[in-house]
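Report on one structure; see the data block that follows.
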Amino acid sequence: MNNKQDLKEENRNGVIIRYSMIGIVMNLFLSLGKILVGLVINAHAIILDGVNSLSDLLSAIISIFSAKMGSKNANESHPFGFGRIEYVCTMFITAGVMYVGIRGVLTAVGSIIHPHDAPAYNMLSIVVMMASFICKLIYGIVMRYKGQRINSSVLVIAGIDSLSDSLIAVSILVGILTYRLIGVDIEHYLCLIIALLIIKTSITMVRECVANIIGTKVDPEFKKKILNMIATEEGVLYVCNLVIHKYGEEFNVGAVDIEVDENMKASDINRLTLKIKKNALEQGLTLTSVGIVGKNTDSPLADEMVERIIEISRKHRYISRIHSFMLDTENKTAAFYIVHDYSDRNHGRTREIMRKELNEYYPGYTFIINSGMNI
């Protein structure tokens with residue numbers, strides 16, 4: 001990374017650590033307050049919510065750990081750094097949330113089957129749950145906003161979890177007021193609802209984490225910006241293929257293939273590729289390679305073959321375009337790329353059919369057909 005990127009990553013990690021520290025302090029006081037009050041008045045729903053806040057405290061600690069680990073420099077074993085540790089740490093957070101939810105369901109079902117004495121709700125319990133609602137709501141809104149601003153899955157998920165906790169606090173307040181006003185104890189059912197909400201939240205979090213670990217597509221706007229930057233460089237005739245991998249939210253690594261005039265000098269190609277790599281790095285993308293594909297520009301036979309290839313490709317509904325055609329008449333070899341849709345599950349068969357059709361028109365020629373997905 002360059003100095004600008006290092007500074008950006010440092011600031012991002014600073015934000016994660018700062019807001020996670022706030023979460024640790026807030027959840028420490030909330031968990032202790034709710035567990036103590038719940039034990040005194042025999043309110044299992046409040047105790048369960050206190051345990052949930054305790055798990056949020058542990059989640060904040062894991063967030064700090066992920067920020068510290070993610071900022072480590074790349075090494076021989078991990079040449080692209082440790083940015084993806086954030087996704088792994090987020091999985092630990094979601095596992096903790098899931099555990100609390102499952103335990104809550106078991107406790108709630110047990111209480112419904114074997115009811116305990118009604119809680120002795122008092123004003124202190126109302127004050128504690130009102131404080132929990134206000135703190136969780138504000139913290140959740142701020143965390144989700146900050147997480148989206150700095151592209152931190154840890155902060156976004158912590159924000160979503162905090163917002164769901166504010167709903168839990170509201171449901172407990174409803175239960176307290178229901179009991180104090182009409183004398184109906186619905187705590188057991190509130191415990192069950194709370195636990196199910198926690199599980200629902202954790203399932204959503206798991207899906208997002210798994211998607212990030214497996215690998216998701218890069219932000220379309222970011223990819224479009226990179227494509228436009230490369231395509232407008234003097235000497236670039238066409239951007240054939242662009243692949244980008246995320247190694248953390250702020251570190252992207254990729255490779256690109258560009259089409260240039262077959263007569264371009266090696267020195268000019270070298271200057272062009274260096275410029276593309278430099279500009280991409282300034283945009284937040286480290287290009288490991290810039291592949292070069294030459295294009296025939298002054299061959300009547302090449303023009304004829306391209307027209308024939310386009311004609312044949314129109315018979316195949318998954319092929320969207322043809323590019324980077326090169327003809328070597330001396331060795332009777334022609335090469336080109338076909339771009340096909342992701343829904344084409346049998347593109348190898350498509351290439352073979354095209355190759356046979358072309359050999360009928362141009363016997364003795366070898367056709368090298370490369371393929372790539374839509375970029």
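Naming works like this for the structure tokens: A, B, ... for the chains as they're shown, residue 1 at the start of each chain, ligands 1 onward in shown order.
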Practice problem: Check the DSSP output for the backbone and give back, as number ranges by chain, the residues of segment 74-237 of chain A in alpha helix (DSSP H). | Solution: A: 85-113, 123-150, 153-182, 187-214, 220-231
Quiz item: Which residue, A:Leu106, A:Val154, A:Met264, A:Ile353, has the smallest gap to Glu208 of chain A when you use only C-alpha atoms?
Solution: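 Residue with the minimum atom-to-atom distance to Glu208 of chain A: A:Val154.
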Practice problem: For Val253 of chain A, list every protein, DNA or RNA residue within 6 Å, evaluated using only C-alpha atoms, and leave out those in the same chain fewer than 2 positions away; present the list as an NGL selection string. | Solution: :A and (244-245 or 285-287)
Quiz item: Near Thr329 of chain A, counting only C-alpha atoms, which residues have an atom at most 10 Å away, once you skip same-chain residues fewer than 5 positions from it, shown as a PyMOL selection string?
Solution: chain A and resi 299+301-302+334+365
Need to verify the contact set: Arg349 of chain A, 12 Å, only C-alpha atoms, exclusion of same-chain residues closer than 5 positions in sequence. Can you return it as a PDB file with N, CA and C atoms, in the first residue's frame?
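Output (part.pdb):
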ATOM      1  N   HIS A 316     -25.742 -18.110 -30.808  1.00  0.00           N
ATOM      2  CA  HIS A 316     -25.600 -18.545 -29.415  1.00  0.00           C
ATOM      3  C   HIS A 316     -26.063 -17.414 -28.495  1.00  0.00           C
ATOM      4  N   TYR A 318     -26.138 -16.868 -25.367  1.00  0.00           N
ATOM      5  CA  TYR A 318     -25.383 -16.463 -24.180  1.00  0.00           C
ATOM      6  C   TYR A 318     -24.180 -15.574 -24.505  1.00  0.00           C
ATOM      7  N   ASP A 344     -24.677 -19.052 -18.627  1.00  0.00           N
ATOM      8  CA  ASP A 344     -24.201 -20.060 -19.580  1.00  0.00           C
ATOM      9  C   ASP A 344     -23.383 -21.113 -18.816  1.00  0.00           C
ATOM     10  N   MET A 354     -18.517 -23.487 -31.962  1.00  0.00           N
ATOM     11  CA  MET A 354     -18.039 -22.371 -32.779  1.00  0.00           C
ATOM     12  C   MET A 354     -16.777 -22.749 -33.554  1.00  0.00           C
ATOM     13  N   ARG A 355     -15.898 -23.480 -32.879  1.00  0.00           N
ATOM     14  CA  ARG A 355     -14.629 -23.873 -33.512  1.00  0.00           C
ATOM     15  C   ARG A 355     -14.888 -24.773 -34.740  1.00  0.00           C
ATOM     16  N   LYS A 356     -15.830 -25.702 -34.603  1.00  0.00           N
ATOM     17  CA  LYS A 356     -16.157 -26.591 -35.719  1.00  0.00           C
ATOM     18  C   LYS A 356     -16.771 -25.828 -36.894  1.00  0.00           C
ATOM     19  N   ILE A 369     -10.113 -20.036 -28.964  1.00  0.00           N
ATOM     20  CA  ILE A 369     -11.237 -19.241 -28.462  1.00  0.00           C
ATOM     21  C   ILE A 369     -11.145 -19.143 -26.947  1.00  0.00           C
ATOM     22  N   SER A 371     -12.521 -17.342 -23.357  1.00  0.00           N
ATOM     23  CA  SER A 371     -13.827 -16.845 -22.896  1.00  0.00           C
ATOM     24  C   SER A 371     -13.679 -16.102 -21.570  1.00  0.00           C
TER      25      SER A 371
END
Quiz item: What separation in Å, quoted to one decimal, exists between atom CA of Lys225 of chain A and atom CA of Val260 of chain A?
Solution: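 Value for the atom CA of Lys225 of chain A-atom CA of Val260 of chain A distance: 20.3 Å.
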Quiz prompt | Shortest interatomic distance to Leu167 of chain A - which of A:Phe325, A:Phe133, A:Tyr19, A:Tyr179, counting only C-alpha atoms | solution = A:Phe133
Report the closest atom pair, with its distance in Å rounded to one decimal, for each residue of segment 119-220 of chain A that has an atom no farther than 6 Å from segment 87-103 of chain A; count only C-alpha atoms, sort by chain and then rising residue number, and write it as a Markdown table.
| residue | atom | partner | partner_atom | distance |
| --- | --- | --- | --- | --- |
| A:Val154 | CA | A:Thr90 | CA | 5.8 |
| A:Ala195 | CA | A:Gly101 | CA | 4.5 |
| A:Ile198 | CA | A:Gly101 | CA | 5.1 |
| A:Ile199 | CA | A:Gly101 | CA | 5.0 |
| A:Ser202 | CA | A:Met98 | CA | 5.4 |
| A:Cys209 | CA | A:Tyr87 | CA | 5.9 |
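Of note, atom CA of Asp341 of chain A and atom CA of Gly284 of chain A are spaced 27.4 Å apart.
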Practice problem: Find the distance between atom CA of Lys200 of chain A and atom CA of Ala45 of chain A and write it in Å to one decimal. | Solution: 17.5 Å
Practice problem: Within segment 80-304 of chain A, find each residue whose DSSP state, derived from the backbone, is strand (DSSP E or B), and express the selection as number ranges by chain. | Solution: A: 238-246, 252-261, 285-295
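The residue that comes closest to Leu124 of chain A, out of A:Ile276, A:Leu358, A:Val40, A:Ala255 and on the basis of only C-alpha atoms, is A:Val40.
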Quiz prompt | Ser313 of chain A surroundings by only C-alpha atoms, 10 Å radius, close-in-sequence under 6 positions cut, as a VMD selection string | solution = chain A and resid 307 319 to 322 338 350 to 351 354
Exercise. Write out as JSON, numbers by chain the residues lying within 12 Å of Lys265 of chain A, counting only C-alpha atoms and excluding same-chain residues fewer than 6 positions away.
Key: {"A": [235, 271, 272, 292, 294]}
Would you save the residues of that selection, restricted to N, CA and C atoms, as a PDB file, in the first residue's frame?
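Final output, saved to again_19.pdb:
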ATOM      1  N   GLY A 235      -4.221   4.865 -26.133  1.00  0.00           N
ATOM      2  CA  GLY A 235      -3.592   3.614 -26.552  1.00  0.00           C
ATOM      3  C   GLY A 235      -4.422   2.390 -26.208  1.00  0.00           C
ATOM      4  N   ARG A 271       5.102   1.830 -20.712  1.00  0.00           N
ATOM      5  CA  ARG A 271       4.677   3.098 -20.112  1.00  0.00           C
ATOM      6  C   ARG A 271       3.174   3.090 -19.834  1.00  0.00           C
ATOM      7  N   LEU A 272       2.400   2.518 -20.763  1.00  0.00           N
ATOM      8  CA  LEU A 272       0.947   2.479 -20.600  1.00  0.00           C
ATOM      9  C   LEU A 272       0.541   1.635 -19.394  1.00  0.00           C
ATOM     10  N   ILE A 292      -1.879  -7.834 -22.071  1.00  0.00           N
ATOM     11  CA  ILE A 292      -1.948  -7.140 -23.360  1.00  0.00           C
ATOM     12  C   ILE A 292      -2.456  -8.085 -24.437  1.00  0.00           C
ATOM     13  N   GLY A 294      -3.187  -7.947 -28.574  1.00  0.00           N
ATOM     14  CA  GLY A 294      -3.034  -7.162 -29.795  1.00  0.00           C
ATOM     15  C   GLY A 294      -4.247  -7.277 -30.698  1.00  0.00           C
TER      16      GLY A 294
END
